[in-house]
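Visitor: This is the content of input_18.cif (mmCIF, C-alpha atoms and all ligand atoms):
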```
data_protein
#
loop_
_atom_site.label_atom_id
_atom_site.label_comp_id
_atom_site.auth_asym_id
_atom_site.auth_seq_id
_atom_site.Cartn_x
_atom_site.Cartn_y
_atom_site.Cartn_z
CA MET A 1042 -19.93 -6.24 17.70
CA LEU A 1043 -19.83 -9.67 19.32
CA LEU A 1044 -17.59 -12.24 17.67
CA ARG A 1045 -17.76 -16.00 18.06
CA MET A 1046 -15.44 -17.17 20.84
CA THR A 1047 -13.22 -19.13 18.43
CA THR A 1048 -12.90 -16.23 15.96
CA HIS A 1049 -12.27 -13.81 18.81
CA MET A 1050 -9.50 -16.03 20.20
CA HIS A 1051 -7.82 -16.62 16.82
CA PHE A 1052 -7.66 -12.86 16.30
CA ARG A 1053 -6.20 -12.37 19.76
CA ILE A 1054 -3.41 -14.90 19.09
CA ALA A 1055 -2.62 -13.41 15.69
CA LEU A 1056 -2.65 -9.87 17.11
CA PHE A 1057 -0.38 -10.88 19.95
CA PHE A 1058 2.26 -11.90 17.40
CA ALA A 1059 1.60 -8.83 15.25
CA GLY A 1060 2.06 -6.60 18.32
CA PHE A 1061 5.16 -8.54 19.33
CA PHE A 1062 6.86 -7.87 15.98
CA GLY A 1063 5.46 -4.36 15.81
CA GLY A 1064 7.06 -3.63 19.17
CA PHE A 1065 10.33 -5.09 17.94
CA ALA A 1066 10.20 -2.89 14.83
CA LEU A 1067 9.51 0.18 16.98
CA PHE A 1068 12.49 -0.64 19.17
CA VAL A 1069 14.76 -0.97 16.13
CA LEU A 1070 13.43 2.34 14.83
CA TYR A 1071 14.15 3.97 18.19
CA LYS A 1072 17.71 2.59 18.12
CA THR A 1073 18.33 3.89 14.59
CA LEU A 1074 17.78 7.37 16.00
CA GLY A 1075 21.06 6.88 17.82
CA VAL A 1076 19.51 7.28 21.29
CA SER A 1077 20.84 5.09 24.05
CA SER A 1078 19.83 4.65 27.67
CA PRO A 1079 20.64 2.22 30.50
CA ILE A 1080 17.13 0.78 30.43
CA ASP A 1081 17.45 -0.28 26.76
CA PRO A 1082 17.47 -4.06 27.52
CA LEU A 1083 14.27 -3.56 29.50
CA LEU A 1084 12.77 -1.45 26.69
CA PHE A 1085 13.65 -4.14 24.17
CA PHE A 1086 11.60 -6.83 25.89
CA ALA A 1087 8.93 -4.41 27.11
CA SER A 1088 8.28 -3.14 23.59
CA MET A 1089 7.75 -6.66 22.23
CA PHE A 1090 5.67 -8.14 25.04
CA GLY A 1091 3.94 -4.80 25.66
CA GLY A 1092 3.07 -4.55 21.97
CA GLY A 1093 1.69 -8.09 21.96
CA PHE A 1094 -0.34 -7.45 25.10
CA LEU A 1095 -1.71 -4.04 24.09
CA LEU A 1096 -2.79 -4.89 20.55
CA GLN A 1097 -4.94 -7.89 21.46
CA MET A 1098 -6.35 -6.10 24.52
CA ILE A 1099 -7.45 -3.12 22.41
CA PHE A 1100 -8.98 -5.58 19.94
CA SER A 1101 -10.85 -7.30 22.80
CA ARG A 1102 -12.36 -3.98 23.90
CA ILE A 1103 -13.71 -3.32 20.41
CA PHE A 1104 -14.73 -6.92 19.63
CA PRO A 1105 -15.72 -8.59 22.90
CA ALA A 1106 -16.39 -12.31 23.30
CA PRO A 1107 -19.85 -13.71 24.05
CA CYS A 1108 -20.49 -14.77 27.67
CA PRO A 1109 -21.31 -18.52 27.71
CA MET A 1110 -23.80 -17.99 30.57
CA CYS A 1111 -25.92 -15.08 29.27
CA GLY A 1112 -24.59 -14.22 25.80
CA ALA A 1113 -23.72 -10.61 26.69
CA ALA A 1114 -20.37 -8.98 25.87
CA ALA A 1115 -17.42 -10.19 27.95
CA PHE A 1116 -13.95 -8.62 28.15
CA PRO A 1117 -10.62 -10.11 29.23
CA THR A 1118 -9.41 -8.80 32.60
CA LEU A 1119 -6.18 -6.79 32.61
CA THR A 1120 -4.39 -8.85 35.23
CA LYS A 1121 -5.35 -12.29 33.87
CA PRO A 1122 -5.75 -12.01 30.08
CA MET A 1123 -7.44 -15.44 29.81
CA LEU A 1124 -10.04 -14.60 32.47
CA TYR A 1125 -13.13 -12.86 31.03
CA ALA A 1126 -15.56 -10.64 32.92
CA CYS A 1127 -19.12 -10.46 31.59
CA HIS A 1128 -20.76 -7.02 31.47
CA GLY A 1129 -24.26 -8.60 31.40
CA CYS A 1130 -24.42 -11.02 34.32
CA GLY A 1131 -21.21 -9.91 36.02
CA ARG A 1132 -19.79 -13.44 36.19
CA LYS A 1133 -16.25 -14.39 35.23
CA PHE A 1134 -15.18 -17.31 33.07
CA ASP A 1135 -12.05 -18.85 31.58
CA GLY A 1136 -11.62 -17.87 27.93
CA GLY A 1137 -9.71 -21.06 27.10
CA MET A 1138 -12.57 -23.24 28.38
CA ALA A 1139 -15.17 -21.20 26.50
CA TYR A 1140 -13.03 -21.54 23.37
CA ALA A 1141 -12.72 -25.32 23.82
CA PHE A 1142 -16.50 -25.74 24.35
CA GLU A 1143 -17.31 -23.82 21.21
CA ALA A 1144 -14.62 -25.63 19.23
CA MET A 1145 -15.99 -28.97 20.49
CA ALA A 1146 -19.55 -28.28 19.31
CA PRO A 1147 -20.62 -31.11 16.95
CA LYS A 1148 -20.13 -30.49 13.28
CA PRO A 1149 -21.67 -32.57 10.48
CA SER A 1150 -18.32 -33.50 8.92
CA ASN A 1151 -16.73 -34.33 12.25
CA SER A 1152 -16.42 -38.15 11.95
CA LEU A 1153 -14.85 -37.84 8.52
CA TRP A 1154 -12.48 -35.15 9.73
CA ARG A 1155 -11.44 -37.25 12.72
CA LYS A 1156 -10.13 -40.05 10.47
CA LYS A 1157 -7.90 -37.63 8.62
CA LEU A 1158 -6.18 -36.41 11.79
CA PRO A 1159 -2.39 -36.42 11.43
CA ASP A 1160 -0.14 -37.97 14.03
CA SER A 1161 0.33 -35.56 16.91
CA THR A 1162 4.05 -36.44 17.21
CA MET A 1163 4.80 -34.14 14.26
CA MET A 1164 2.95 -31.30 15.95
CA TRP A 1165 4.87 -31.81 19.18
CA ILE A 1166 8.17 -31.79 17.27
CA MET A 1167 7.10 -28.58 15.56
CA LEU A 1168 6.08 -26.97 18.84
CA VAL A 1169 9.30 -27.93 20.66
CA PHE A 1170 11.40 -26.91 17.65
CA GLY A 1171 9.58 -23.56 17.54
CA ILE A 1172 10.17 -22.89 21.24
CA VAL A 1173 13.87 -23.83 21.00
CA VAL A 1174 14.39 -21.61 17.93
CA LEU A 1175 12.48 -18.76 19.59
CA GLY A 1176 14.56 -19.09 22.77
CA GLY A 1177 17.81 -19.14 20.78
CA ALA A 1178 16.69 -16.15 18.73
CA LEU A 1179 15.95 -14.15 21.87
CA VAL A 1180 19.44 -14.90 23.23
CA PHE A 1181 20.83 -13.92 19.83
CA ALA A 1182 18.78 -10.70 19.91
CA ALA A 1183 19.92 -10.02 23.47
CA ASP A 1184 23.53 -10.20 22.22
CA SER A 1185 22.78 -7.57 19.60
CA VAL A 1186 21.06 -5.42 22.21
CA ARG A 1187 24.08 -5.78 24.50
CA LEU A 1188 26.33 -4.53 21.68
CA LEU A 1189 24.03 -1.56 21.14
CA VAL A 1190 23.89 -0.67 24.82
CA LYS A 1191 27.37 -1.42 26.09
CA GLY A 1192 29.36 -1.39 22.86
CA VAL A 1193 31.73 1.13 21.38
CA THR A 1194 31.73 2.11 17.71
CA THR A 1195 34.99 2.01 15.79
CA GLU A 1196 36.15 2.47 12.20
CA ALA A 1197 36.52 -0.71 10.16
CA ARG A 1198 37.56 -1.71 6.67
CA VAL A 1199 36.82 -4.70 4.47
CA VAL A 1200 40.34 -5.99 3.81
CA LYS A 1201 39.52 -8.98 1.64
CA VAL A 1202 36.53 -10.49 -0.15
CA SER A 1203 36.90 -14.05 -1.45
CA VAL A 1204 34.49 -15.38 -4.08
CA TYR A 1205 33.63 -19.07 -4.41
CA PRO A 1206 31.64 -19.68 -7.61
CA LEU A 1207 29.23 -22.64 -7.43
CA ARG A 1208 26.83 -24.01 -10.02
CA THR A 1209 23.73 -22.11 -8.93
CA ARG A 1210 25.14 -19.46 -6.65
CA MET A 1211 28.20 -17.48 -5.62
CA ASP A 1212 29.53 -17.74 -2.10
CA TYR A 1213 31.36 -14.76 -0.63
CA ARG A 1214 33.51 -14.38 2.42
CA ALA A 1215 34.69 -11.03 3.72
CA ILE A 1216 37.35 -10.25 6.29
CA ILE A 1217 36.61 -7.02 8.10
CA ALA A 1218 39.40 -5.43 10.15
CA TYR A 1219 38.63 -3.15 13.07
CA LYS A 1220 40.61 -1.46 15.82
CA ALA A 1221 39.66 -2.16 19.41
CA GLY A 1222 41.86 0.04 21.54
CA ASP A 1223 45.42 -0.80 20.51
CA SER A 1224 44.72 -4.18 18.98
CA GLU A 1225 43.71 -4.87 15.39
CA LEU A 1226 41.00 -7.54 15.18
CA THR A 1227 39.03 -9.10 12.36
CA LEU A 1228 35.47 -10.23 11.74
CA ASP A 1229 34.37 -12.87 9.23
CA ARG A 1230 31.20 -12.48 7.23
CA SER A 1231 29.82 -14.91 4.63
CA TRP A 1232 26.88 -14.64 2.29
CA SER A 1233 25.60 -16.18 -0.96
CA VAL A 1234 23.93 -14.76 -4.01
CA ASP A 1235 21.95 -16.93 -6.44
CA VAL A 1236 23.08 -16.69 -10.04
CA GLY A 1237 21.10 -13.99 -11.84
CA HIS A 1238 20.14 -12.26 -8.60
CA SER A 1239 21.58 -9.17 -6.99
CA CYS A 1240 22.79 -9.19 -3.43
CA LEU A 1241 20.42 -8.24 -0.65
CA SER A 1242 21.99 -6.67 2.41
CA PRO A 1243 24.40 -7.35 3.97
CA CYS A 1244 27.04 -7.60 1.22
CA TYR A 1245 30.47 -6.02 1.39
CA TYR A 1246 33.12 -5.10 -1.15
CA GLU A 1247 36.87 -4.93 -0.75
CA GLY A 1248 38.08 -1.61 0.61
CA GLU A 1249 34.63 -0.67 1.90
CA ARG A 1250 34.71 1.45 5.04
CA LEU A 1251 32.24 0.54 7.77
CA LYS A 1252 31.53 0.95 11.42
CA VAL A 1253 31.96 -1.95 13.82
CA ARG A 1254 30.47 -2.09 17.29
CA TYR A 1255 32.35 -4.09 19.91
CA LEU A 1256 32.28 -4.69 23.66
CA PRO A 1257 35.28 -2.98 25.35
CA ALA A 1258 35.37 -5.74 27.96
CA GLU A 1259 35.31 -8.44 25.28
CA PRO A 1260 36.66 -6.91 22.05
CA THR A 1261 36.13 -10.07 19.99
CA LYS A 1262 32.36 -9.74 20.60
CA ALA A 1263 31.71 -7.47 17.68
CA ASN A 1264 29.38 -6.89 14.79
CA VAL A 1265 29.06 -4.57 11.84
CA TYR A 1266 27.11 -1.57 13.09
CA SER A 1267 23.92 -1.48 11.04
CA VAL A 1268 20.29 -2.43 11.62
CA PHE A 1269 20.60 -5.26 9.08
CA ASP A 1270 23.75 -6.77 10.56
CA LEU A 1271 22.51 -6.54 14.11
CA PHE A 1272 18.88 -7.50 13.73
CA LEU A 1273 18.22 -9.32 10.44
CA GLY A 1274 19.34 -12.70 11.83
CA PRO A 1275 17.48 -12.49 15.16
CA THR A 1276 14.34 -11.21 13.40
CA LEU A 1277 14.31 -14.11 10.93
CA PHE A 1278 14.81 -16.66 13.69
CA ILE A 1279 12.15 -15.03 15.87
CA LEU A 1280 9.75 -15.20 12.90
CA ILE A 1281 10.52 -18.87 12.18
CA GLY A 1282 10.36 -19.82 15.86
CA ALA A 1283 7.10 -17.95 16.43
CA MET A 1284 5.54 -19.46 13.32
CA CYS A 1285 6.43 -23.07 14.31
CA THR A 1286 5.27 -22.46 17.89
CA LEU A 1287 2.00 -21.00 16.65
CA VAL A 1288 1.30 -23.70 14.04
CA GLY A 1289 2.32 -26.52 16.44
CA SER A 1290 0.21 -25.30 19.33
CA VAL A 1291 -2.85 -24.50 17.20
CA ALA A 1292 -2.61 -27.95 15.56
CA LEU A 1293 -2.32 -29.67 18.94
CA TRP A 1294 -5.24 -27.64 20.23
CA ARG A 1295 -7.37 -28.69 17.28
CA ALA A 1296 -6.25 -32.33 17.59
CA ARG A 1297 -7.58 -32.44 21.16
CA ARG A 1298 -11.08 -31.75 19.88
CA PRO A 1299 -12.24 -35.25 18.82
CA ARG A 1300 -10.58 -36.89 21.80
CA LEU A 1301 -12.50 -34.65 24.19
CA GLU A 1302 -15.72 -35.62 22.48
CA LEU A 1303 -15.41 -39.37 23.13
ZN ZN A 1401 -22.85 -13.17 31.31
#
```
Go through the file and emit its structure as structure tokens.

Guide:
Amino acid sequence: MLLRMTTHMHFRIALFFAGFFGGFALFVLYKTLGVSSPIDPLLFFASMFGGGFLLQMIFSRIFPAPCPMCGAAAFPTLTKPMLYACHGCGRKFDGGMAYAFEAMAPKPSNSLWRKKLPDSTMMWIMLVFGIVVLGGALVFAADSVRLLVKGVTTEARVVKVSVYPLRTRMDYRAIIAYKAGDSELTLDRSWSVDVGHSCLSPCYYEGERLKVRYLPAEPTKANVYSVFDLFLGPTLFILIGAMCTLVGSVALWRARRPRLEL
């Protein structure tokens, strides 16, 4: 089945992100099995980018794009994912250009739509914000991966939980003590619960026994040893960053349309 170039490309972008997060989820699953190997940092990035690459490539084999020269089915090449090879006429073309030409095709409501175009500054801010958040999240995630790969697990105990009641929510702060070699160190964890809601992970109670993972070379680099504690934060930031990057770049792409037509 041959899709329109624009539809085909939108699916590819969406599937790239789906594969990216799917790969991340698979990696987390693999780590929860308790397996560890020296190539784990490589696996971490390979699973995300590999997942993103594979999913949209498989999609492109099943739903090829139409060749702009002859209309036959065209497939992205493996080495250059934006370069398409046509199976009808054998020629190659740039998928981004083909997308732009189709997106630029005149539409009846175009002049009206052009007037309603928002200022592109907002889209740029969104795009840059998204990339910065995504970059930070990856560094954050790399820290968690480093703890998993090079860290040591030790027994820990929640020594104190302080509660700060506010009007609409309760703020909590826990002090978690752990032993790193001969020294006794502590970790601070804070969370809030809205009034009338129950706490979603992670929440700790006084006296609770946990596991903490720390770096022997840098014992203050530590985190509670659970999937939630290690990966909930990075995952949320990756999601927010990816969403802003996606929305910003798609909006900028669409905003170019009328300008190209003049
Ligand atoms: Zn062709």

Visitor: So which residues fall inside 12 Å of (22.7, -6.0, 1.2) if we count only C-alpha atoms? Mind giving them as number ranges by chain?

Guide: A: 1231-1234, 1238-1246, 1267-1270, 1273

Visitor: Within 10 Å of ligand ZN 1401 (chain A), which residues of chain A come that close, and what is the closest atom pair and distance in Å for each? Count all atoms listed in the file and give it as CSV.

Guide:
```
residue,atom,partner,partner_atom,distance
A:Pro1107,CA,A:ZN1401,ZN,7.9
A:Cys1108,CA,A:ZN1401,ZN,4.6
A:Pro1109,CA,A:ZN1401,ZN,6.6
A:Met1110,CA,A:ZN1401,ZN,5.0
A:Cys1111,CA,A:ZN1401,ZN,4.2
A:Gly1112,CA,A:ZN1401,ZN,5.9
A:Ala1113,CA,A:ZN1401,ZN,5.4
A:Ala1114,CA,A:ZN1401,ZN,7.3
A:Ala1115,CA,A:ZN1401,ZN,7.0
A:Tyr1125,CA,A:ZN1401,ZN,9.7
A:Ala1126,CA,A:ZN1401,ZN,7.9
A:Cys1127,CA,A:ZN1401,ZN,4.6
A:His1128,CA,A:ZN1401,ZN,6.5
A:Gly1129,CA,A:ZN1401,ZN,4.8
A:Cys1130,CA,A:ZN1401,ZN,4.0
A:Gly1131,CA,A:ZN1401,ZN,6.0
A:Arg1132,CA,A:ZN1401,ZN,5.8
A:Lys1133,CA,A:ZN1401,ZN,7.8
A:Phe1134,CA,A:ZN1401,ZN,8.9
```

Visitor: Which residues, written as a VMD selection string, have at least one atom at most 7 Å from Thr1194 of chain A, with only C-alpha atoms counted and residues fewer than 5 positions away on the same chain left out?

Guide: chain A and resid 1252 to 1255

Visitor: Any idea what's packed within 12 Å of Asn1264 of chain A, counting all atoms listed in the file, ignoring anything in its chain fewer than 3 positions away? Could you give it as a PyMOL selection string?

Guide: chain A and resi 1184-1189+1192-1197+1217-1219+1226-1230+1243+1251-1256+1260-1261+1267-1272+1274

Visitor: Counting all atoms listed in the file, what is within 7 Å of segment 1172-1175 of chain A, bar same-chain residues fewer than 5 positions away, as a list in words?

Guide: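 After dropping sequence-adjacent residues, the list is Phe1278, Ile1279, Gly1282, Ala1283 and Thr1286 of chain A.
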
Visitor: Keeping C-alpha atoms for every residue in the selection just given, could you write it to a file as a CSV table (one decimal), keeping the file's coordinate frame?

Guide:
```
chain,number,residue,atom,x,y,z
A,1278,PHE,CA,14.8,-16.7,13.7
A,1279,ILE,CA,12.2,-15.0,15.9
A,1282,GLY,CA,10.4,-19.8,15.9
A,1283,ALA,CA,7.1,-18.0,16.4
A,1286,THR,CA,5.3,-22.5,17.9
```

Visitor: Let me make sure I understand: among A:Thr1048, A:Thr1276, A:Ser1088, A:Ser1078, which one has the smallest atom-to-atom distance to Val1180 of chain A if we use only C-alpha atoms?

Guide: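 Between A:Thr1048, A:Thr1276, A:Ser1088, A:Ser1078, the residue approaching Val1180 of chain A most closely is A:Thr1276.
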
Visitor: Using all atoms listed in the file, find the one residue out of A:Leu1119, A:Ala1087, A:Ile1281, A:Ala1106 that sits nearest to Tyr1140 of chain A.

Guide: A:Ala1106

Visitor: Which value, in Å to one decimal, gives the distance between atom CA of Phe1170 of chain A and atom CA of Pro1275 of chain A?

Guide: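 The value is 15.8 Å.
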
Visitor: Enter the distance from atom CA of Phe1086 of chain A to atom CA of Ala1182 of chain A, in Å, rounded to one decimal.

Guide: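 Here the two named atoms are 10.1 Å from each other.
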
Visitor: Please provide the set of residues having any atom within 7 Å of Cys1285 of chain A, restricted to only C-alpha atoms, with same-chain residues fewer than 3 positions apart removed, written as a PDB file with C-alpha atoms, keeping the file's coordinate frame.

Guide:
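As a result, around33.pdb now contains:
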```
ATOM      1  CA  MET A1167       7.100 -28.580  15.560  1.00  0.00           C
ATOM      2  CA  LEU A1168       6.080 -26.970  18.840  1.00  0.00           C
ATOM      3  CA  GLY A1171       9.580 -23.560  17.540  1.00  0.00           C
ATOM      4  CA  ILE A1281      10.520 -18.870  12.180  1.00  0.00           C
ATOM      5  CA  GLY A1282      10.360 -19.820  15.860  1.00  0.00           C
ATOM      6  CA  VAL A1288       1.300 -23.700  14.040  1.00  0.00           C
ATOM      7  CA  GLY A1289       2.320 -26.520  16.440  1.00  0.00           C
TER       8      GLY A1289
END
```

Visitor: Which distance in Å separates atom CA of Thr1047 of chain A and atom CA of Val1291 of chain A, to one decimal?

Guide: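 These atoms are spaced 11.7 Å apart.
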
Visitor: Counting only C-alpha atoms, which residue out of A:Gly1091, A:Pro1079, A:Gly1136, A:Pro1147 sits closest to Gly1060 of chain A?

Guide: A:Gly1091

Visitor: Choose the residue, out of A:Ala1183, A:Ile1080, A:Ala1178, A:Gly1248, that has the smallest atom-to-atom separation from Val1200 of chain A; count all atoms listed in the file.

Guide: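 The shortest atom-to-atom distance to Val1200 of chain A comes from A:Gly1248.
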
Visitor: Name the closest residue to Leu1207 of chain A among the candidates A:Val1236, A:Leu1067, A:Met1163, A:Met1138; distances are taken between atoms, counting only C-alpha atoms.

Guide: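 Result for the nearest residue to Leu1207 of chain A: A:Val1236.
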
Visitor: Kindly indicate which residue among A:Asp1081, A:Glu1247, A:Asp1223, A:Asp1235 lies nearest to Arg1208 of chain A, using all atoms listed in the file for the distances.

Guide: A:Asp1235

Visitor: Since the input is missing atoms, can you rebuild N, CA and C atoms for segment 1272-1296 of chain A and write them as an mmCIF file, in the coordinates of the input?

Guide:
```cif
data_model
loop_
_atom_site.group_PDB
_atom_site.id
_atom_site.type_symbol
_atom_site.label_atom_id
_atom_site.label_comp_id
_atom_site.auth_asym_id
_atom_site.auth_seq_id
_atom_site.Cartn_x
_atom_site.Cartn_y
_atom_site.Cartn_z
ATOM 1 N N PHE A 1272 20.206 -6.971 13.433
ATOM 2 C CA PHE A 1272 18.880 -7.500 13.730
ATOM 3 C C PHE A 1272 18.250 -8.383 12.657
ATOM 4 N N LEU A 1273 18.846 -8.492 11.473
ATOM 5 C CA LEU A 1273 18.220 -9.320 10.440
ATOM 6 C C LEU A 1273 18.157 -10.784 10.883
ATOM 7 N N GLY A 1274 19.293 -11.306 11.374
ATOM 8 C CA GLY A 1274 19.340 -12.700 11.830
ATOM 9 C C GLY A 1274 18.348 -12.986 12.942
ATOM 10 N N PRO A 1275 18.432 -12.238 14.066
ATOM 11 C CA PRO A 1275 17.480 -12.490 15.160
ATOM 12 C C PRO A 1275 16.025 -12.390 14.705
ATOM 13 N N THR A 1276 15.722 -11.384 13.846
ATOM 14 C CA THR A 1276 14.340 -11.210 13.400
ATOM 15 C C THR A 1276 13.856 -12.434 12.629
ATOM 16 N N LEU A 1277 14.696 -12.933 11.712
ATOM 17 C CA LEU A 1277 14.310 -14.110 10.930
ATOM 18 C C LEU A 1277 14.058 -15.301 11.834
ATOM 19 N N PHE A 1278 14.971 -15.526 12.789
ATOM 20 C CA PHE A 1278 14.810 -16.660 13.690
ATOM 21 C C PHE A 1278 13.595 -16.495 14.603
ATOM 22 N N ILE A 1279 13.340 -15.268 15.041
ATOM 23 C CA ILE A 1279 12.150 -15.030 15.870
ATOM 24 C C ILE A 1279 10.901 -15.352 15.047
ATOM 25 N N LEU A 1280 10.898 -14.929 13.771
ATOM 26 C CA LEU A 1280 9.750 -15.200 12.900
ATOM 27 C C LEU A 1280 9.529 -16.698 12.720
ATOM 28 N N ILE A 1281 10.628 -17.424 12.405
ATOM 29 C CA ILE A 1281 10.520 -18.870 12.180
ATOM 30 C C ILE A 1281 10.073 -19.570 13.463
ATOM 31 N N GLY A 1282 10.705 -19.206 14.585
ATOM 32 C CA GLY A 1282 10.360 -19.820 15.860
ATOM 33 C C GLY A 1282 8.908 -19.565 16.236
ATOM 34 N N ALA A 1283 8.477 -18.307 16.070
ATOM 35 C CA ALA A 1283 7.100 -17.950 16.430
ATOM 36 C C ALA A 1283 6.106 -18.686 15.541
ATOM 37 N N MET A 1284 6.450 -18.804 14.254
ATOM 38 C CA MET A 1284 5.540 -19.460 13.320
ATOM 39 C C MET A 1284 5.369 -20.944 13.688
ATOM 40 N N CYS A 1285 6.492 -21.642 13.959
ATOM 41 C CA CYS A 1285 6.430 -23.070 14.310
ATOM 42 C C CYS A 1285 5.692 -23.254 15.632
ATOM 43 N N THR A 1286 5.959 -22.371 16.599
ATOM 44 C CA THR A 1286 5.270 -22.460 17.890
ATOM 45 C C THR A 1286 3.767 -22.292 17.688
ATOM 46 N N LEU A 1287 3.421 -21.294 16.888
ATOM 47 C CA LEU A 1287 2.000 -21.000 16.650
ATOM 48 C C LEU A 1287 1.318 -22.167 15.932
ATOM 49 N N VAL A 1288 1.912 -22.615 14.830
ATOM 50 C CA VAL A 1288 1.300 -23.700 14.040
ATOM 51 C C VAL A 1288 1.210 -24.967 14.896
ATOM 52 N N GLY A 1289 2.308 -25.310 15.609
ATOM 53 C CA GLY A 1289 2.320 -26.520 16.440
ATOM 54 C C GLY A 1289 1.269 -26.470 17.530
ATOM 55 N N SER A 1290 1.162 -25.337 18.221
ATOM 56 C CA SER A 1290 0.210 -25.300 19.330
ATOM 57 C C SER A 1290 -1.227 -25.252 18.837
ATOM 58 N N VAL A 1291 -1.472 -24.543 17.742
ATOM 59 C CA VAL A 1291 -2.850 -24.500 17.200
ATOM 60 C C VAL A 1291 -3.249 -25.899 16.715
ATOM 61 N N ALA A 1292 -2.318 -26.601 16.054
ATOM 62 C CA ALA A 1292 -2.610 -27.950 15.560
ATOM 63 C C ALA A 1292 -2.890 -28.903 16.716
ATOM 64 N N LEU A 1293 -2.096 -28.798 17.773
ATOM 65 C CA LEU A 1293 -2.320 -29.670 18.940
ATOM 66 C C LEU A 1293 -3.655 -29.359 19.596
ATOM 67 N N TRP A 1294 -3.988 -28.080 19.648
ATOM 68 C CA TRP A 1294 -5.240 -27.640 20.230
ATOM 69 C C TRP A 1294 -6.419 -28.237 19.435
ATOM 70 N N ARG A 1295 -6.301 -28.152 18.132
ATOM 71 C CA ARG A 1295 -7.370 -28.690 17.280
ATOM 72 C C ARG A 1295 -7.454 -30.200 17.387
ATOM 73 N N ALA A 1296 -6.285 -30.860 17.536
ATOM 74 C CA ALA A 1296 -6.250 -32.330 17.590
ATOM 75 C C ALA A 1296 -6.915 -32.857 18.860
#
```
